[in-house]
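One file, final.txt, is given below (compact mmCIF, C-alpha atoms).
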```txt
# COMPACT_ATOMS: atom_id res chain seq x y z
CA MET H 233 0.00 0.00 0.00
CA LYS H 234 1.34 3.42 -0.85
CA PRO H 235 1.77 5.81 2.07
CA ILE H 236 -0.99 8.33 2.81
CA GLU H 237 0.38 11.83 2.52
CA THR H 238 -2.35 14.39 1.96
CA LYS H 239 -5.54 15.08 3.90
CA GLN H 240 -7.56 14.21 0.81
CA GLU H 241 -5.90 10.81 0.53
CA TYR H 242 -6.58 10.10 4.17
CA SER H 243 -10.21 11.08 3.90
CA ASP H 244 -10.62 8.90 0.77
CA TYR H 245 -9.02 6.01 2.64
CA VAL H 246 -11.37 6.43 5.61
CA ASP H 247 -14.38 6.62 3.29
CA LYS H 248 -13.30 3.43 1.56
CA LYS H 249 -12.81 1.54 4.82
CA SER H 250 -15.75 2.71 6.91
CA PRO H 251 -19.19 1.14 6.55
CA ASN H 252 -21.83 3.44 5.10
CA SER H 253 -25.13 4.29 6.74
CA PRO H 254 -27.92 2.16 5.24
CA ILE H 255 -29.37 5.15 3.37
CA LEU H 256 -32.17 3.36 1.49
CA LYS H 257 -33.41 1.57 4.59
CA ASN H 258 -33.18 4.80 6.66
CA CYS H 259 -35.09 6.76 4.00
CA PHE H 260 -37.80 4.13 3.81
CA ASN H 261 -38.25 3.99 7.60
CA ALA H 262 -38.18 7.79 7.84
CA PHE H 263 -40.79 8.00 5.08
CA TRP H 264 -43.35 5.69 6.57
CA VAL H 265 -42.90 6.70 10.23
CA GLY H 266 -42.97 10.40 9.31
CA GLY H 267 -46.01 9.73 7.13
CA LEU H 268 -47.71 7.86 9.95
CA ILE H 269 -47.12 10.75 12.39
CA CYS H 270 -48.57 13.21 9.87
CA THR H 271 -51.53 10.91 9.26
CA ILE H 272 -52.21 10.79 13.00
CA GLY H 273 -52.04 14.59 13.01
CA GLN H 274 -54.47 14.80 10.10
CA PHE H 275 -56.81 12.35 11.84
CA ILE H 276 -56.84 14.51 15.00
CA MET H 277 -57.46 17.61 12.87
CA ASP H 278 -60.39 16.05 11.01
CA PHE H 279 -61.83 14.80 14.29
CA CYS H 280 -61.65 18.31 15.80
CA LYS H 281 -63.29 19.84 12.73
CA TYR H 282 -65.98 17.17 12.86
CA LYS H 283 -66.63 18.21 16.47
CA GLY H 284 -67.14 21.77 15.26
CA MET H 285 -63.73 23.48 15.71
CA ASP H 286 -62.43 26.01 13.20
CA GLU H 287 -59.18 25.58 11.19
CA THR H 288 -56.92 27.50 13.64
CA GLY H 289 -58.31 25.79 16.72
CA ALA H 290 -57.99 22.35 15.17
CA SER H 291 -54.35 22.83 14.10
CA THR H 292 -53.48 24.08 17.60
CA VAL H 293 -55.02 20.95 19.08
CA VAL H 294 -52.98 18.81 16.64
CA SER H 295 -49.69 20.46 17.73
CA ILE H 296 -50.51 20.18 21.42
CA THR H 297 -51.53 16.55 21.15
CA LEU H 298 -48.47 15.48 19.15
CA ILE H 299 -46.15 17.38 21.52
CA ALA H 300 -47.80 15.77 24.54
CA ILE H 301 -47.54 12.27 23.04
CA SER H 302 -43.87 12.63 22.13
CA ALA H 303 -43.03 14.22 25.50
CA ILE H 304 -44.66 11.29 27.31
CA LEU H 305 -42.95 8.74 25.02
CA THR H 306 -39.60 10.46 25.69
CA GLY H 307 -40.20 10.13 29.42
CA LEU H 308 -41.03 6.45 28.99
CA ASN H 309 -37.74 5.86 27.10
CA ILE H 310 -39.67 4.87 23.96
CA PHE H 311 -39.18 7.92 21.74
CA ASN H 312 -35.41 7.47 21.42
CA LYS H 313 -36.02 3.96 20.12
CA ILE H 314 -38.46 5.29 17.55
CA GLY H 315 -35.91 7.99 16.69
CA LYS H 316 -33.09 5.48 16.21
CA PHE H 317 -35.33 3.52 13.87
CA ALA H 318 -36.97 6.35 11.95
CA GLY H 319 -34.35 9.13 12.10
CA ALA H 320 -35.64 12.27 10.41
CA GLY H 321 -39.10 10.68 10.15
CA SER H 322 -39.69 11.31 13.85
CA LEU H 323 -37.24 14.22 14.32
CA ILE H 324 -38.50 16.63 11.66
CA PRO H 325 -42.18 16.78 12.69
CA ILE H 326 -43.05 18.70 15.85
CA THR H 327 -42.53 15.44 17.78
CA GLY H 328 -38.75 15.78 17.35
CA PHE H 329 -38.83 19.32 18.70
CA ALA H 330 -40.72 18.19 21.79
CA ASN H 331 -38.23 15.36 22.26
CA SER H 332 -35.28 17.74 21.97
CA ILE H 333 -36.62 19.80 24.89
CA VAL H 334 -37.83 16.98 27.12
CA SER H 335 -34.69 14.83 26.77
CA PRO H 336 -32.25 17.41 28.23
CA ALA H 337 -34.80 18.14 30.96
CA ILE H 338 -34.66 14.46 31.97
CA GLU H 339 -30.89 14.20 31.54
CA TYR H 340 -30.03 17.28 33.63
CA LYS H 341 -32.60 16.67 36.38
CA SER H 342 -29.71 15.21 38.41
CA GLU H 343 -28.19 18.72 38.54
CA GLY H 344 -31.24 20.21 40.25
CA TYR H 345 -34.48 21.78 39.09
CA VAL H 346 -33.31 25.37 38.65
CA MET H 347 -29.78 25.13 37.22
CA GLY H 348 -30.25 21.63 35.83
CA VAL H 349 -33.70 21.33 34.30
CA GLY H 350 -34.28 25.07 33.96
CA GLY H 351 -30.83 26.03 32.77
CA LYS H 352 -30.05 23.14 30.44
CA MET H 353 -33.50 22.38 29.04
CA PHE H 354 -32.82 24.25 25.80
CA THR H 355 -29.28 23.04 25.10
CA VAL H 356 -30.46 21.09 22.05
CA ALA H 357 -33.42 23.20 20.91
CA GLY H 358 -31.83 26.55 21.85
CA PRO H 359 -30.26 27.38 18.45
CA VAL H 360 -33.51 26.54 16.65
CA LEU H 361 -35.43 28.84 18.98
CA VAL H 362 -32.94 31.72 18.80
CA PHE H 363 -32.62 31.73 15.03
CA GLY H 364 -36.25 30.78 14.40
CA ILE H 365 -37.59 33.59 16.56
CA SER H 366 -34.98 36.08 15.27
CA ALA H 367 -35.83 35.24 11.67
CA SER H 368 -39.55 35.61 12.32
CA VAL H 369 -39.00 39.01 13.99
CA ILE H 370 -36.87 40.26 11.07
CA ILE H 371 -39.34 39.00 8.49
CA GLY H 372 -42.16 40.54 10.55
CA ILE H 373 -40.44 43.96 10.46
CA ILE H 374 -39.80 43.67 6.70
CA ALA H 375 -43.40 42.63 6.09
CA THR H 376 -44.74 45.54 8.16
CA LEU H 377 -42.55 48.06 6.31
CA PHE H 378 -43.12 46.91 2.75
CA ALA H 379 -46.38 45.01 2.68
CA HIS H 380 -48.59 48.05 2.32
CA MET G 177 16.76 10.30 32.87
CA LYS G 178 17.65 11.89 29.58
CA HIS G 179 15.79 13.93 27.01
CA ILE G 180 16.64 12.42 23.64
CA GLY G 181 15.34 13.60 20.32
CA LYS G 182 12.34 15.87 20.27
CA GLN G 183 9.73 14.11 22.36
CA THR G 184 11.41 11.08 23.90
CA ILE G 185 12.64 10.60 27.44
CA LYS G 186 14.99 7.76 28.22
CA LEU G 187 14.64 6.50 31.79
CA ASP G 188 17.66 5.21 33.69
CA THR G 189 15.82 2.39 35.49
CA PRO G 190 12.74 1.10 33.72
CA PRO G 191 9.74 1.26 36.04
CA THR G 192 7.51 -1.79 36.45
CA ILE G 193 3.77 -2.17 36.31
CA LEU G 194 3.26 -4.18 39.49
CA GLN G 195 -0.41 -4.85 39.28
CA THR G 196 -3.44 -3.81 37.24
CA ALA G 197 -7.18 -3.89 37.74
CA SER G 198 -10.21 -3.00 35.67
CA ILE G 199 -13.95 -2.79 36.11
CA VAL G 200 -16.25 -2.39 33.10
CA GLY G 201 -19.88 -1.87 32.28
CA PRO G 202 -22.41 -4.24 30.73
CA LYS G 203 -21.65 -3.49 27.07
CA GLU G 204 -17.92 -4.11 27.50
CA ALA G 205 -18.78 -7.34 29.32
CA GLN G 206 -20.35 -8.65 26.12
CA GLY G 207 -17.10 -8.26 24.21
CA PRO G 208 -14.30 -10.77 23.64
CA LEU G 209 -12.13 -9.22 26.38
CA ALA G 210 -14.71 -9.81 29.12
CA LYS G 211 -12.71 -12.60 30.80
CA TYR G 212 -9.75 -10.29 31.34
CA PHE G 213 -11.62 -7.73 33.44
CA ASP G 214 -11.71 -7.99 37.20
CA GLN G 215 -15.37 -7.17 37.40
CA CYS G 216 -18.19 -6.69 34.91
CA LEU G 217 -21.15 -4.62 36.03
CA GLU G 218 -24.69 -5.57 35.13
CA ASP G 219 -26.13 -2.14 35.76
CA GLU G 220 -24.74 1.18 34.56
CA PHE G 221 -25.91 3.01 37.68
CA TRP G 222 -24.29 0.50 40.09
CA GLY G 223 -26.69 1.52 42.83
CA GLU G 224 -25.92 5.23 42.51
CA LYS G 225 -28.32 8.02 41.63
CA THR G 226 -26.39 9.74 38.82
CA TRP G 227 -24.02 8.65 36.04
CA GLU G 228 -21.26 10.76 37.55
CA LYS G 229 -21.57 9.11 40.96
CA ALA G 230 -21.60 5.71 39.27
CA GLU G 231 -18.39 6.56 37.38
CA SER G 232 -16.81 7.79 40.60
CA LYS G 233 -17.71 4.52 42.30
CA ILE G 234 -16.25 2.52 39.40
CA ILE G 235 -12.84 4.23 39.64
CA LYS G 236 -12.88 4.01 43.43
CA GLU G 237 -13.56 0.29 43.40
CA THR G 238 -10.99 -0.31 40.63
CA VAL G 239 -8.32 1.45 42.66
CA ASN G 240 -9.29 -0.49 45.78
CA THR G 241 -9.04 -3.70 43.75
CA VAL G 242 -5.59 -2.89 42.37
CA ILE G 243 -4.31 -1.96 45.81
CA SER G 244 -5.59 -5.16 47.42
CA LYS G 245 -4.29 -7.29 44.52
CA SER G 246 -0.83 -5.73 44.73
CA GLY G 247 -0.39 -6.26 48.44
CA ILE G 248 1.06 -2.76 48.81
CA ALA G 249 -0.46 -0.65 51.56
CA SER G 250 -2.12 2.48 50.26
CA SER G 251 0.11 4.47 52.62
CA ASP G 252 3.13 3.22 50.62
CA ILE G 253 1.78 4.71 47.40
CA ASP G 254 3.35 8.12 47.07
CA TYR G 255 1.34 9.78 44.34
CA CYS G 256 -1.70 9.16 42.29
CA PHE G 257 -2.09 10.24 38.66
CA ALA G 258 -5.63 9.97 37.48
CA GLY G 259 -8.16 11.62 35.26
CA ASP G 260 -11.39 11.18 33.38
CA LEU G 261 -13.54 12.99 30.84
CA LEU G 262 -15.73 15.04 33.15
CA ASN G 263 -15.45 18.68 34.16
CA GLN G 264 -12.75 19.19 36.80
CA CYS G 265 -12.03 15.44 36.74
CA ILE G 266 -14.80 14.95 39.28
CA SER G 267 -15.09 11.20 39.04
CA SER G 268 -11.42 10.61 39.82
CA SER G 269 -11.03 13.36 42.39
CA PHE G 270 -14.18 12.36 44.29
CA GLY G 271 -13.50 8.66 43.83
CA LEU G 272 -9.92 8.83 45.13
CA ARG G 273 -10.13 11.48 47.85
CA GLU G 274 -10.73 8.94 50.63
CA LEU G 275 -7.43 7.22 49.85
CA ASN G 276 -5.44 10.19 51.15
CA ILE G 277 -2.82 9.81 48.44
CA PRO G 278 -1.53 13.06 46.87
CA PHE G 279 -3.48 13.39 43.67
CA PHE G 280 -2.55 14.81 40.29
CA GLY G 281 -5.62 15.31 38.14
CA ILE G 282 -4.79 14.97 34.47
CA PHE G 283 -6.78 15.26 31.28
CA GLY G 284 -5.83 13.76 27.95
CA ALA G 285 -9.18 12.36 26.76
CA CYS G 286 -8.35 8.98 25.22
CA SER G 287 -4.68 9.30 26.21
CA THR G 288 -5.30 9.98 29.89
CA PHE G 289 -4.14 6.56 31.03
CA VAL G 290 -0.91 6.56 29.02
CA GLU G 291 -0.33 10.14 30.11
CA SER G 292 -0.63 9.04 33.74
CA LEU G 293 1.85 6.19 33.13
CA CYS G 294 4.33 8.60 31.49
CA LEU G 295 4.16 11.14 34.29
CA GLY G 296 4.23 8.45 36.97
CA SER G 297 7.30 6.81 35.40
CA ILE G 298 9.15 10.12 35.33
CA PHE G 299 8.34 10.62 39.01
CA LEU G 300 9.69 7.14 39.75
CA ASP G 301 12.84 7.60 37.71
CA GLY G 302 13.44 10.99 39.28
CA LYS G 303 13.30 9.25 42.69
CA ALA G 304 10.42 11.45 43.75
CA ALA G 305 8.36 8.35 44.46
CA SER G 306 8.74 4.62 44.89
CA ASN G 307 5.19 3.58 44.04
CA VAL G 308 2.65 5.52 42.02
CA LEU G 309 -0.93 4.78 41.19
CA CYS G 310 -2.17 5.49 37.67
CA ALA G 311 -5.86 5.35 36.89
CA THR G 312 -8.54 6.53 34.55
CA SER G 313 -12.26 6.13 34.10
CA SER G 314 -15.05 6.96 31.72
CA HIS G 315 -18.75 6.28 31.55
CA PHE G 316 -20.77 6.17 28.35
CA CYS G 317 -23.76 7.96 29.86
CA SER G 318 -21.83 10.72 31.63
CA ALA G 319 -19.68 11.31 28.51
CA GLU G 320 -22.73 11.51 26.27
CA LYS G 321 -24.24 14.01 28.68
CA GLN G 322 -21.09 16.09 28.85
CA PHE G 323 -20.05 16.09 25.18
CA ARG G 324 -22.90 14.97 22.96
CA PHE G 325 -26.64 14.65 23.33
CA PRO G 326 -29.00 13.52 26.08
CA LEU G 327 -29.59 9.77 26.00
CA GLU G 328 -33.31 10.18 25.47
CA LEU G 329 -32.81 12.27 22.33
CA GLY G 330 -34.11 10.33 19.36
CA ASN G 331 -31.16 10.78 16.98
CA GLN G 332 -29.48 8.20 14.77
CA ARG G 333 -25.84 7.16 15.13
CA PRO G 334 -23.81 6.46 12.02
CA PRO G 335 -22.24 2.98 11.98
CA THR G 336 -18.80 4.52 12.54
CA SER G 337 -19.71 6.64 15.56
CA GLN G 338 -17.62 5.99 18.64
CA TRP G 339 -18.88 4.56 21.87
CA THR G 340 -17.28 5.78 25.09
CA VAL G 341 -16.25 2.95 27.38
CA THR G 342 -18.04 2.49 30.67
CA GLY G 343 -15.28 1.40 32.96
CA SER G 344 -12.08 2.13 34.74
CA GLY G 345 -8.52 0.87 34.67
CA ALA G 346 -5.81 1.27 37.27
CA ALA G 347 -2.18 0.26 37.60
CA ILE G 348 0.40 0.45 40.35
CA VAL G 349 3.78 1.35 38.93
CA SER G 350 6.84 0.78 41.01
CA ALA G 351 10.51 1.64 40.84
CA SER G 352 11.45 -1.45 42.80
CA ARG G 353 14.36 -3.22 41.14
CA LYS G 354 13.47 -6.54 42.65
CA TRP G 355 10.16 -6.50 40.89
CA SER G 356 11.47 -5.22 37.62
CA ILE G 357 14.12 -7.96 37.50
CA TYR G 358 11.55 -10.57 38.40
CA ASN G 359 9.18 -9.35 35.72
CA SER G 360 11.72 -9.03 32.95
CA CYS G 361 12.89 -12.58 33.73
CA TYR G 362 9.35 -13.74 33.75
CA ALA G 363 8.77 -12.16 30.38
CA ARG G 364 11.90 -13.70 28.86
CA LYS G 365 11.06 -17.20 30.12
CA ASP G 366 14.75 -18.13 29.96
CA CYS G 367 15.60 -16.96 33.44
CA ARG G 368 15.01 -20.03 35.57
CA TYR G 369 16.78 -19.08 38.78
CA GLY G 370 15.18 -15.79 39.53
CA ASN G 371 18.45 -13.89 39.65
```

Please, can you express the file's structure as structure tokens?
Amino acid sequence: MKPIETKQEYSDYVDKKSPNSPILKNCFNAFWVGGLICTIGQFIMDFCKYKGMDETGASTVVSITLIAISAILTGLNIFNKIGKFAGAGSLIPITGFANSIVSPAIEYKSEGYVMGVGGKMFTVAGPVLVFGISASVIIGIIATLFAH
Amino acid sequence: MKHIGKQTIKLDTPPTILQTASIVGPKEAQGPLAKYFDQCLEDEFWGEKTWEKAESKIIKETVNTVISKSGIASSDIDYCFAGDLLNQCISSSFGLRELNIPFFGIFGACSTFVESLCLGSIFLDGKAASNVLCATSSHFCSAEKQFRFPLELGNQRPPTSQWTVTGSGAAIVSASRKWSIYNSCYARKDCRYGN
């Protein structure tokens, strides 16, 4: 074997030797689990509309219900197993966001309720919140200035 | 002791690893090396309330094991070089404080144990000590908490992702010539008279 000299050669060598993620299998599992979560959401939404709720009320109920389910499943140590199986299928819907807040809360409970749970709860979801809220504020300002 | 080359130290009298001990967690116990460990735990908490306390207990028990196996009194151990992956080396410093051996906390991530052996050997060769204790520990759950993601987070690991060991290893290194002669003879297998 010829000696590895450049960074590129080393990275090619590592790529050649290391096993790849099973992309097709992961995509398939993500597709059907993600689809199933969305179908459950749609089912809740239709049920709420059937009971006489308006569009906004029904979609709020869907979010709350899915968040509650995934928070409870995280606490029961089930959601991480679903996540390992489905990957983005369970992470991208609102269920993944709930999981990313509840899981640090559980993990850091050993450091106390104020500095542990309170302080570290947003270690995973923090960047999403900061940039999501900042972006929405900026877009809100732009929309207010130029929309009329 | 002599500094040769750029990063090599040549010791005058080679120090000897007198005795070693190791305690590992359940995942390591499933591996092919399981029979070589002194103790394999069935539970990652080991009766403690947090991962950090469990890790601290693992290193404490490993060090107690190595001391009792070696037959050297803990008062005869001059210094202790130990470290782990956690902030302020809490598992080693809390695990070893009851031993009352002067403690050097070191951090080298994966290299912590070899780093402790290097520093300990230099202490021995410099005649600053006659026995030193070298130890390290890590715990999968406490390392994940400190460096990566919470365990309950539903993310996927790539097949090549690393898995931090749950366990601890300890060695007593000695400058004693008697032991080093005995051991080098033992290793050569051609020294029948123990001279």

Restrict the distance test to only C-alpha atoms, flag each residue of chain H within 7 Å of chain G, and return the flagged residues as a list in words.
Ser250, Pro251, Asn252, Ser253, Thr306, Asn309, Phe311, Asn312, Lys313, Ile314, Gly315, Lys316, Gly319, Asn331, Ser332, Ser335, Pro336, Glu339 and Ser342 of chain H

If you measure from CA of His315 in chain G to CA of Ala249 in chain G, what distance in Å do you get, rounded to one decimal?
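Between CA of His315 in chain G and CA of Ala249 in chain G the gap works out to 28.0 Å.
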
Take the point (-33.5, 1.2, 12.3) as written in the file and pick out every residue within 8 Å of it, counting all atoms listed in the file; give the list as a PyMOL selection string.
chain H and resi 257-258+261+316-319

Straight-line distance linking CA of Leu262 in chain G with CA of Phe289 in chain G, stated in Å to one decimal
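Pair CA of Leu262 in chain G / CA of Phe289 in chain G returns 14.5 Å.
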
Selection near Gly351 in chain H, 12 Å with only C-alpha atoms, sequence-local residues under 2 positions removed, as an NGL selection string:
:H and (333 or 336-337 or 339-341 or 343-349 or 353-356 or 358)
